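Below is model.cif, which holds mmCIF, C-alpha atoms.
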```cif
data_target
loop_
_atom_site.label_atom_id
_atom_site.label_comp_id
_atom_site.auth_asym_id
_atom_site.auth_seq_id
_atom_site.Cartn_x
_atom_site.Cartn_y
_atom_site.Cartn_z
CA MET A 1 0.00 0.00 0.00
CA VAL A 2 1.06 3.58 -0.66
CA LEU A 3 0.68 6.32 1.98
CA SER A 4 -1.51 9.14 0.72
CA ASN A 5 0.14 12.53 0.29
CA SER A 6 -0.78 14.67 3.26
CA GLU A 7 -0.94 18.37 4.04
CA PRO A 8 1.56 19.34 5.25
CA LEU A 9 3.44 16.84 3.12
CA PHE A 10 5.54 14.45 5.17
CA GLY A 11 9.27 14.27 4.51
CA LYS A 12 11.88 11.72 5.53
CA LEU A 13 10.35 9.20 7.92
CA VAL A 14 12.40 7.06 10.31
CA GLU A 15 12.78 3.39 9.50
CA GLN A 16 10.34 2.07 12.10
CA PHE A 17 6.72 2.92 12.75
CA ARG A 18 4.19 2.03 15.44
CA ILE A 19 0.84 0.26 15.07
CA ASN A 20 -2.01 0.52 17.59
CA ASP A 21 -3.55 -2.54 19.25
CA SER A 22 -6.37 -2.93 16.72
CA GLY A 23 -4.00 -2.45 13.79
CA ASP A 24 -5.98 0.33 12.14
CA ILE A 25 -3.75 3.31 13.02
CA TRP A 26 -0.09 3.69 12.14
CA ILE A 27 2.16 6.50 13.33
CA PHE A 28 5.44 7.61 11.76
CA ALA A 29 8.15 9.97 13.01
CA GLU A 30 9.45 12.53 10.52
CA ARG A 31 13.17 13.27 10.88
CA ASN A 32 13.54 16.86 9.68
CA GLN A 33 10.62 18.71 11.27
CA ASN A 34 10.27 16.28 14.21
CA ARG A 35 6.56 15.65 13.83
CA ILE A 36 4.39 12.54 13.99
CA PHE A 37 2.20 11.57 11.04
CA ALA A 38 -0.81 9.31 11.59
CA PHE A 39 -2.37 7.16 8.85
CA ASP A 40 -5.00 4.46 8.81
CA SER A 41 -4.28 0.89 7.70
CA LEU A 42 -5.34 1.74 4.14
CA GLY A 43 -2.63 4.39 3.95
CA GLN A 44 -5.03 7.33 4.25
CA PHE A 45 -3.71 10.36 6.08
CA ILE A 46 -5.35 11.11 9.47
CA ASN A 47 -3.39 13.97 10.98
CA VAL A 48 -0.03 15.45 11.90
CA VAL A 49 0.74 15.49 15.62
CA GLY A 50 3.09 18.01 17.23
CA GLU A 51 4.80 20.98 15.68
CA ARG A 52 8.37 22.16 15.36
CA GLY A 53 9.37 24.49 18.20
CA LYS A 54 9.25 25.07 21.94
CA GLY A 55 5.58 25.97 22.40
CA PRO A 56 3.07 23.82 24.31
CA LYS A 57 2.72 21.49 21.32
CA GLY A 58 6.29 22.07 20.21
CA ILE A 59 8.71 19.21 19.62
CA MET A 60 12.42 19.88 19.22
CA HIS A 61 13.52 16.26 18.79
CA VAL A 62 11.41 13.09 18.60
CA SER A 63 13.57 10.79 20.70
CA GLY A 64 10.90 8.14 21.11
CA PHE A 65 7.30 7.69 20.01
CA GLU A 66 4.47 5.28 20.69
CA ILE A 67 0.68 4.92 20.43
CA ASN A 68 -1.14 3.46 23.44
CA SER A 69 -4.37 1.49 23.90
CA GLU A 70 -6.40 4.73 23.97
CA ASN A 71 -4.89 5.83 20.64
CA GLN A 72 -2.91 8.58 22.33
CA VAL A 73 0.41 9.53 20.73
CA ILE A 74 3.29 9.65 23.20
CA ILE A 75 6.47 11.55 22.31
CA ASN A 76 9.72 11.72 24.25
CA ASP A 77 11.42 15.00 23.34
CA ALA A 78 14.99 14.58 24.60
CA ALA A 79 16.01 18.08 23.51
CA GLN A 80 13.51 19.62 25.91
CA ARG A 81 13.48 16.68 28.36
CA MET A 82 9.71 16.54 27.95
CA LEU A 83 7.22 13.69 27.66
CA LYS A 84 4.23 14.93 25.64
CA ILE A 85 0.96 13.11 25.02
CA PHE A 86 -1.46 14.07 22.23
CA ASP A 87 -4.76 12.77 20.92
CA LEU A 88 -5.09 11.99 17.22
CA SER A 89 -6.67 15.38 16.55
CA GLY A 90 -3.33 16.90 17.53
CA GLU A 91 -4.54 18.33 20.85
CA LEU A 92 -2.03 18.21 23.70
CA ILE A 93 -3.32 16.10 26.60
CA GLN A 94 -0.42 16.49 28.99
CA SER A 95 3.20 17.52 29.09
CA ASN A 96 5.71 16.55 31.79
CA THR A 97 9.44 16.69 32.33
CA ILE A 98 11.42 13.47 32.00
CA PHE A 99 15.01 12.62 32.99
CA SER A 100 15.34 16.24 34.13
CA GLU A 101 18.29 15.44 36.40
CA GLY A 102 20.35 14.32 33.43
CA GLU A 103 21.22 11.00 35.03
CA LEU A 104 19.72 8.94 32.20
CA TRP A 105 19.96 9.27 28.42
CA ALA A 106 17.20 7.77 26.29
CA HIS A 107 18.08 5.78 23.19
CA PRO A 108 16.85 7.19 19.84
CA TYR A 109 13.29 6.28 18.79
CA ALA A 110 13.05 3.62 21.51
CA LEU A 111 9.84 3.97 23.53
CA TYR A 112 7.48 1.08 24.30
CA ASN A 113 4.12 0.55 26.02
CA PHE A 114 4.53 -1.47 29.19
CA LYS A 115 1.82 -2.19 31.80
CA ASP A 116 0.07 1.21 31.46
CA ARG A 117 3.48 2.84 31.67
CA LEU A 118 6.45 3.19 29.34
CA LEU A 119 9.66 1.22 28.89
CA ILE A 120 12.66 3.21 27.65
CA PRO A 121 16.15 1.84 26.87
CA VAL A 122 18.65 4.16 28.56
CA THR A 123 22.29 4.67 29.43
CA GLU A 124 23.34 6.10 32.77
CA SER A 125 25.17 9.38 32.18
CA GLU A 126 28.14 8.42 34.35
CA PHE A 127 28.79 5.42 32.09
CA ILE A 128 28.17 7.09 28.74
CA ARG A 129 31.69 6.14 27.58
CA GLU A 130 31.54 2.71 29.26
CA PRO A 131 27.99 1.52 28.57
CA HIS A 132 28.74 -2.07 29.61
CA LYS A 133 28.73 -0.76 33.21
CA SER A 134 25.34 0.91 32.88
CA LYS A 135 21.82 -0.22 33.70
CA LEU A 136 19.73 -0.63 30.58
CA LEU A 137 15.96 -0.21 30.92
CA ALA A 138 13.83 2.43 32.66
CA ILE A 139 10.15 2.12 33.51
CA VAL A 140 8.50 5.54 33.46
CA ASP A 141 4.91 6.64 34.13
CA TYR A 142 3.00 9.16 32.03
CA GLU A 143 4.01 11.94 34.39
CA GLY A 144 7.65 11.30 33.50
CA THR A 145 8.51 9.78 36.87
CA VAL A 146 11.08 6.99 36.78
CA ASP A 147 9.77 3.93 38.59
CA THR A 148 12.53 1.37 38.09
CA VAL A 149 15.86 1.14 36.26
CA PHE A 150 17.16 -2.37 35.72
CA GLY A 151 19.19 -4.69 33.51
CA LYS A 152 22.68 -4.28 32.13
CA HIS A 153 24.04 -3.34 28.74
CA ASP A 154 25.31 -6.31 26.76
CA THR A 155 28.95 -6.96 27.63
CA PHE A 156 29.55 -7.47 23.90
CA THR A 157 29.58 -3.66 23.64
CA GLN A 158 33.13 -3.83 25.00
CA GLU A 159 34.32 -5.46 21.79
CA ASP A 160 31.99 -4.24 19.03
CA ASN A 161 34.32 -1.31 18.10
CA SER A 162 31.35 1.04 18.00
CA TYR A 163 30.61 3.98 20.28
CA SER A 164 26.84 3.40 19.95
CA ALA A 165 25.03 2.10 23.04
CA GLU A 166 21.56 2.03 21.51
CA ASN A 167 19.18 -0.86 22.17
CA THR A 168 15.97 -2.18 20.68
CA VAL A 169 13.23 -3.98 22.63
CA LEU A 170 10.52 -6.61 22.20
CA ILE A 171 7.91 -7.07 24.94
CA SER A 172 6.20 -10.44 24.66
CA SER A 173 3.88 -11.90 27.35
CA ASN A 174 5.98 -12.02 30.52
CA THR A 175 9.37 -11.43 28.89
CA ILE A 176 11.29 -8.35 27.81
CA PHE A 177 13.79 -9.07 25.05
CA THR A 178 16.46 -6.52 24.21
CA SER A 179 19.37 -6.31 21.80
CA SER A 180 22.19 -3.81 21.42
CA VAL A 181 22.47 -2.37 17.91
CA GLY A 182 26.11 -3.52 17.84
CA SER A 183 25.59 -7.05 19.16
CA PRO A 184 24.23 -10.27 17.62
CA TYR A 185 23.07 -11.43 21.07
CA ILE A 186 19.67 -11.03 22.74
CA GLN A 187 19.00 -10.62 26.45
CA ALA A 188 15.74 -11.71 28.09
CA TYR A 189 14.31 -10.32 31.33
CA ASN A 190 11.29 -11.41 33.35
CA SER A 191 8.76 -8.57 33.15
CA ASP A 192 7.70 -9.02 36.79
CA SER A 193 10.98 -9.59 38.62
CA TYR A 194 13.17 -7.72 36.07
CA GLN A 195 15.78 -10.45 36.44
CA GLN A 196 17.68 -11.71 33.42
CA THR A 197 16.38 -15.11 32.32
CA ASP A 198 18.28 -15.78 29.10
CA TYR A 199 21.10 -14.67 26.83
CA PHE A 200 21.20 -16.16 23.36
CA GLY A 201 22.03 -15.51 19.71
CA GLY A 202 25.33 -14.87 17.98
CA ASN A 203 24.53 -17.29 15.17
CA SER A 204 24.48 -14.88 12.24
CA ALA A 205 26.86 -15.66 9.40
CA ASN A 206 26.40 -12.12 8.06
CA PHE A 207 27.12 -10.22 11.27
CA SER A 208 30.36 -8.25 11.44
CA ILE A 209 31.80 -5.47 13.57
CA PRO A 210 33.93 -2.55 12.33
CA SER A 211 37.54 -3.62 11.79
CA LYS A 212 38.79 -0.52 13.61
CA GLU A 213 37.38 1.15 16.69
CA ILE A 214 35.01 4.05 16.02
CA HIS A 215 35.07 7.18 18.19
CA ALA A 216 32.52 9.98 18.13
CA ASN A 217 35.29 12.56 17.72
CA LEU A 218 36.56 11.04 14.45
CA PRO A 219 35.78 12.89 11.19
CA ILE A 220 32.48 11.70 9.76
CA SER A 221 34.27 10.48 6.63
CA GLU A 222 36.49 8.24 8.76
CA ILE A 223 33.52 6.97 10.80
CA ASN A 224 31.73 6.03 7.58
CA LYS A 225 34.84 4.35 6.20
CA ARG A 226 35.29 2.23 9.32
CA ALA A 227 31.59 1.36 9.54
CA ASP A 228 31.29 0.32 5.89
CA GLY A 229 30.33 -3.36 5.70
CA SER A 230 29.56 -3.67 9.40
CA SER A 231 26.24 -4.74 10.86
CA VAL A 232 23.66 -3.13 13.13
CA MET A 233 20.68 -4.77 14.79
CA ALA A 234 17.91 -2.41 13.71
CA GLY A 235 14.89 -4.00 15.37
CA LEU A 236 13.57 -6.84 17.50
CA TYR A 237 10.09 -8.24 16.81
CA GLY A 238 7.88 -11.16 17.70
CA THR A 239 5.23 -13.40 16.14
CA ASP A 240 3.37 -16.29 17.76
CA HIS A 241 6.24 -18.66 16.98
CA PHE A 242 9.33 -16.57 16.27
CA ILE A 243 11.61 -13.90 17.63
CA VAL A 244 12.69 -11.87 14.62
CA SER A 245 15.91 -9.88 14.78
CA HIS A 246 16.31 -7.39 11.94
CA MET A 247 19.94 -6.88 10.97
CA GLN A 248 21.16 -4.24 8.53
CA ILE A 249 24.53 -4.24 6.79
CA LEU A 250 25.88 -0.76 6.19
CA THR A 251 27.19 0.01 2.71
CA GLU A 252 29.34 2.66 1.06
CA GLU A 253 26.38 3.64 -1.11
CA PHE A 254 24.25 4.28 1.97
CA PHE A 255 26.88 6.59 3.48
CA GLU A 256 27.20 8.48 0.19
CA THR A 257 23.46 8.97 -0.35
CA VAL A 258 21.91 8.59 3.16
CA ASP A 259 19.28 6.56 1.32
CA PHE A 260 17.85 3.97 3.73
CA SER A 261 17.12 1.57 0.87
CA LYS A 262 20.86 1.21 0.19
CA LYS A 263 21.39 -0.86 3.31
CA GLU A 264 21.31 -4.65 3.08
CA ASN A 265 18.63 -6.32 5.22
CA VAL A 266 18.66 -9.73 6.90
CA LEU A 267 16.13 -11.37 9.25
CA ILE A 268 17.43 -13.74 11.92
CA LEU A 269 14.77 -16.13 13.26
CA TYR A 270 14.73 -17.80 16.68
CA ASP A 271 12.21 -20.22 18.12
CA LYS A 272 10.13 -18.20 20.59
CA GLU A 273 9.94 -20.98 23.17
CA THR A 274 13.36 -22.64 23.00
CA LYS A 275 15.33 -19.55 21.83
CA GLU A 276 17.10 -21.81 19.34
CA PHE A 277 18.44 -20.28 16.14
CA ILE A 278 16.34 -21.32 13.11
CA LYS A 279 17.65 -19.55 10.04
CA GLU A 280 18.82 -16.33 8.46
CA ILE A 281 16.79 -14.77 5.64
CA PRO A 282 18.13 -12.01 3.37
CA VAL A 283 15.25 -9.67 2.45
CA PRO A 284 15.10 -6.84 -0.10
CA HIS A 285 13.44 -4.24 2.12
CA THR A 286 13.49 -2.65 5.58
CA LEU A 287 11.40 -4.32 8.28
CA ALA A 288 9.55 -1.51 10.06
CA ALA A 289 6.90 -3.18 12.24
CA VAL A 290 5.32 -6.51 13.17
CA HIS A 291 1.68 -6.83 14.24
CA ASN A 292 -0.53 -9.92 14.59
CA ASN A 293 2.03 -12.14 12.84
CA LYS A 294 2.27 -9.80 9.85
CA LEU A 295 5.57 -8.20 8.89
CA TYR A 296 5.48 -4.65 7.52
CA PHE A 297 8.32 -3.74 5.16
CA ILE A 298 9.08 -0.31 3.71
CA GLU A 299 9.51 -0.93 -0.01
CA ASP A 300 9.89 2.72 -1.07
CA PHE A 301 11.02 5.57 1.20
CA ASN A 302 10.19 8.31 -1.32
CA ALA A 303 7.52 10.57 0.21
CA ASP A 304 5.74 10.77 -3.16
CA ASN A 305 5.38 6.99 -3.30
CA TYR A 306 5.98 5.78 0.26
CA THR A 307 5.13 2.09 -0.04
CA ILE A 308 4.59 -0.54 2.64
CA GLY A 309 4.38 -4.25 1.87
CA VAL A 310 2.75 -6.68 4.29
CA TYR A 311 4.21 -10.19 4.53
CA GLU A 312 4.03 -13.29 6.67
CA ILE A 313 6.50 -16.01 7.58
CA VAL A 314 5.42 -19.34 6.05
CA THR A 315 6.79 -22.52 7.60
CA ASP A 316 7.31 -25.81 5.86
CA GLN A 317 4.68 -28.14 7.30
CA LYS A 318 6.18 -31.33 5.80
#
```

Kindly return the structure encoded in the file as structure tokens.
Amino acid sequence: MVLSNSEPLFGKLVEQFRINDSGDIWIFAERNQNRIFAFDSLGQFINVVGERGKGPKGIMHVSGFEINSENQVIINDAAQRMLKIFDLSGELIQSNTIFSEGELWAHPYALYNFKDRLLIPVTESEFIREPHKSKLLAIVDYEGTVDTVFGKHDTFTQEDNSYSAENTVLISSNTIFTSSVGSPYIQAYNSDSYQQTDYFGGNSANFSIPSKEIHANLPISEINKRADGSSVMAGLYGTDHFIVSHMQILTEEFFETVDFSKKENVLILYDKETKEFIKEIPVPHTLAAVHNNKLYFIEDFNADNYTIGVYEIVTDQK
């Protein structure tokens, strides 16, 4: 399906989007103006939520976004340290400070519904250069109050040669799965006790780390050169039977064009119950969401023809 052109016209959308519980509303974060665009499941435009700026509805940087069971759009604005909640008409419902003490840094675009609250992957500020020492996940209420911080960053971050400490999350029944963008491994935590219950993965034949260590203070050209050909874990998803890890391989063409479609995409499947590796599947497009066992791929990022394909995983029954 193709998203309808909207007024104001949407621009460059991030590579993941969120789907509400019933599957009929999709929300997308736009990178340049930091707004949220809502569409229905037929690709028809509903509304734009938030506006660029520092006013009551103003968003300076969409650092995380989600849609809850009441179809309210939740935005974490890290630039203003604000958690803002809107309805689909674009009206602001509430606005509260979050992480105002600067002790925690939220990971980009990572914000998840969790037991009528929010789950946010974070890094403790004191360990920003040594993330393997930091706690990993924060539970926050809608008022922006931190309830619990738990877990640990994957120790693999000590050897991945990347300065990124970002994580992606899958919440499934009573388990929270999380994966560092620079690691082929997956951690599992009990969603009641917050204790780690499993650590698995590392089976990918296509996974690779940068050959030389990457520092944030390197010239961007050198960072791109060192990252060329390396892998990032872009998303973690679940179906009834599988845990699906979406891996992207960075390419020289992507760094030259900043065209998301120039990355190579691979799905890594694990059995949801046993956590055993099943197989690795190269795919031609970017996996952006999973809902009710359907996989939503972005087939065209061009705003004039933004196309989403819906797929399913078919198993051999023989």

Under the rule of at most 7 Å, produce a per-residue listing of range 146-261 of chain A near range 99-115 of chain A: chain, number, name, the closest pair of atoms, and the distance in Å, as a tab-separated table, using all atoms listed in the file.
```
residue	atom	partner	partner_atom	distance
A:Glu166	CA	A:His107	CA	5.4
A:Asn167	CA	A:His107	CA	6.8
A:Thr168	CA	A:Ala110	CA	6.5
```

Compare A:Thr307, A:Ser89, A:Gln248, A:Ser134 by their minimum atom-to-atom distance to Val49 in chain A, counting all atoms listed in the file, and give me the closest one.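 Closest to Val49 in chain A of all the choices is A:Ser89.
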
Given the file shown, determine the residues that the PyMOL selection byres ((chain A and resi 151) around 7) selects; report them as JSON, numbers by chain. {"A": [135, 136, 137, 150, 152, 153]}

Between CA of Ile25 in chain A and CA of Ile281 in chain A - distance in Å to one decimal: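 Computing the Euclidean distance for CA of Ile281 in chain A and CA of Ile25 in chain A yields 28.3 Å.
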
Excluding Phe260 in chain A and its own-chain neighbours fewer than 5 positions away, which residues fall within 9 Å of it when counting all atoms listed in the file? Please give them as a VMD selection string. chain A and resid 15 254 286 301

Save range 58-77 of chain A from what I just supplied, as a PDB file, in the first residue's frame, atoms limited to N, CA and C atoms.
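Listed below is the output, result14.pdb:
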```
ATOM      1  N   GLY A  58       5.024  22.086  20.924  1.00  0.00           N
ATOM      2  CA  GLY A  58       6.285  22.067  20.207  1.00  0.00           C
ATOM      3  C   GLY A  58       7.153  20.867  20.532  1.00  0.00           C
ATOM      4  N   ILE A  59       7.777  20.331  19.495  1.00  0.00           N
ATOM      5  CA  ILE A  59       8.715  19.214  19.625  1.00  0.00           C
ATOM      6  C   ILE A  59      10.034  19.642  18.991  1.00  0.00           C
ATOM      7  N   MET A  60      11.107  19.556  19.749  1.00  0.00           N
ATOM      8  CA  MET A  60      12.422  19.879  19.216  1.00  0.00           C
ATOM      9  C   MET A  60      13.128  18.644  18.657  1.00  0.00           C
ATOM     10  N   HIS A  61      12.883  17.484  19.292  1.00  0.00           N
ATOM     11  CA  HIS A  61      13.521  16.257  18.792  1.00  0.00           C
ATOM     12  C   HIS A  61      12.702  15.053  19.248  1.00  0.00           C
ATOM     13  N   VAL A  62      12.141  14.326  18.274  1.00  0.00           N
ATOM     14  CA  VAL A  62      11.413  13.094  18.598  1.00  0.00           C
ATOM     15  C   VAL A  62      12.437  12.020  18.949  1.00  0.00           C
ATOM     16  N   SER A  63      12.598  11.769  20.243  1.00  0.00           N
ATOM     17  CA  SER A  63      13.573  10.786  20.696  1.00  0.00           C
ATOM     18  C   SER A  63      12.940   9.420  20.918  1.00  0.00           C
ATOM     19  N   GLY A  64      11.632   9.389  20.971  1.00  0.00           N
ATOM     20  CA  GLY A  64      10.900   8.145  21.109  1.00  0.00           C
ATOM     21  C   GLY A  64       9.435   8.440  20.848  1.00  0.00           C
ATOM     22  N   PHE A  65       8.715   7.467  20.283  1.00  0.00           N
ATOM     23  CA  PHE A  65       7.304   7.695  20.007  1.00  0.00           C
ATOM     24  C   PHE A  65       6.551   6.376  20.100  1.00  0.00           C
ATOM     25  N   GLU A  66       5.284   6.473  20.488  1.00  0.00           N
ATOM     26  CA  GLU A  66       4.471   5.278  20.686  1.00  0.00           C
ATOM     27  C   GLU A  66       3.005   5.673  20.624  1.00  0.00           C
ATOM     28  N   ILE A  67       2.123   4.698  20.367  1.00  0.00           N
ATOM     29  CA  ILE A  67       0.680   4.917  20.425  1.00  0.00           C
ATOM     30  C   ILE A  67       0.112   3.900  21.406  1.00  0.00           C
ATOM     31  N   ASN A  68      -0.676   4.369  22.383  1.00  0.00           N
ATOM     32  CA  ASN A  68      -1.137   3.464  23.437  1.00  0.00           C
ATOM     33  C   ASN A  68      -2.521   2.905  23.129  1.00  0.00           C
ATOM     34  N   SER A  69      -3.088   2.172  24.102  1.00  0.00           N
ATOM     35  CA  SER A  69      -4.371   1.491  23.904  1.00  0.00           C
ATOM     36  C   SER A  69      -5.534   2.459  23.733  1.00  0.00           C
ATOM     37  N   GLU A  70      -5.358   3.712  24.136  1.00  0.00           N
ATOM     38  CA  GLU A  70      -6.397   4.730  23.969  1.00  0.00           C
ATOM     39  C   GLU A  70      -6.150   5.582  22.720  1.00  0.00           C
ATOM     40  N   ASN A  71      -5.255   5.124  21.871  1.00  0.00           N
ATOM     41  CA  ASN A  71      -4.886   5.832  20.642  1.00  0.00           C
ATOM     42  C   ASN A  71      -4.341   7.229  20.914  1.00  0.00           C
ATOM     43  N   GLN A  72      -3.627   7.350  22.020  1.00  0.00           N
ATOM     44  CA  GLN A  72      -2.913   8.578  22.325  1.00  0.00           C
ATOM     45  C   GLN A  72      -1.474   8.443  21.839  1.00  0.00           C
ATOM     46  N   VAL A  73      -0.958   9.516  21.254  1.00  0.00           N
ATOM     47  CA  VAL A  73       0.406   9.527  20.727  1.00  0.00           C
ATOM     48  C   VAL A  73       1.340  10.071  21.798  1.00  0.00           C
ATOM     49  N   ILE A  74       2.348   9.293  22.142  1.00  0.00           N
ATOM     50  CA  ILE A  74       3.295   9.654  23.198  1.00  0.00           C
ATOM     51  C   ILE A  74       4.636   9.965  22.547  1.00  0.00           C
ATOM     52  N   ILE A  75       5.198  11.118  22.896  1.00  0.00           N
ATOM     53  CA  ILE A  75       6.472  11.548  22.309  1.00  0.00           C
ATOM     54  C   ILE A  75       7.448  11.892  23.428  1.00  0.00           C
ATOM     55  N   ASN A  76       8.626  11.321  23.365  1.00  0.00           N
ATOM     56  CA  ASN A  76       9.715  11.718  24.252  1.00  0.00           C
ATOM     57  C   ASN A  76      10.589  12.708  23.487  1.00  0.00           C
ATOM     58  N   ASP A  77      10.620  13.947  23.957  1.00  0.00           N
ATOM     59  CA  ASP A  77      11.423  15.004  23.336  1.00  0.00           C
ATOM     60  C   ASP A  77      12.673  15.191  24.189  1.00  0.00           C
TER      61      ASP A  77
END
```
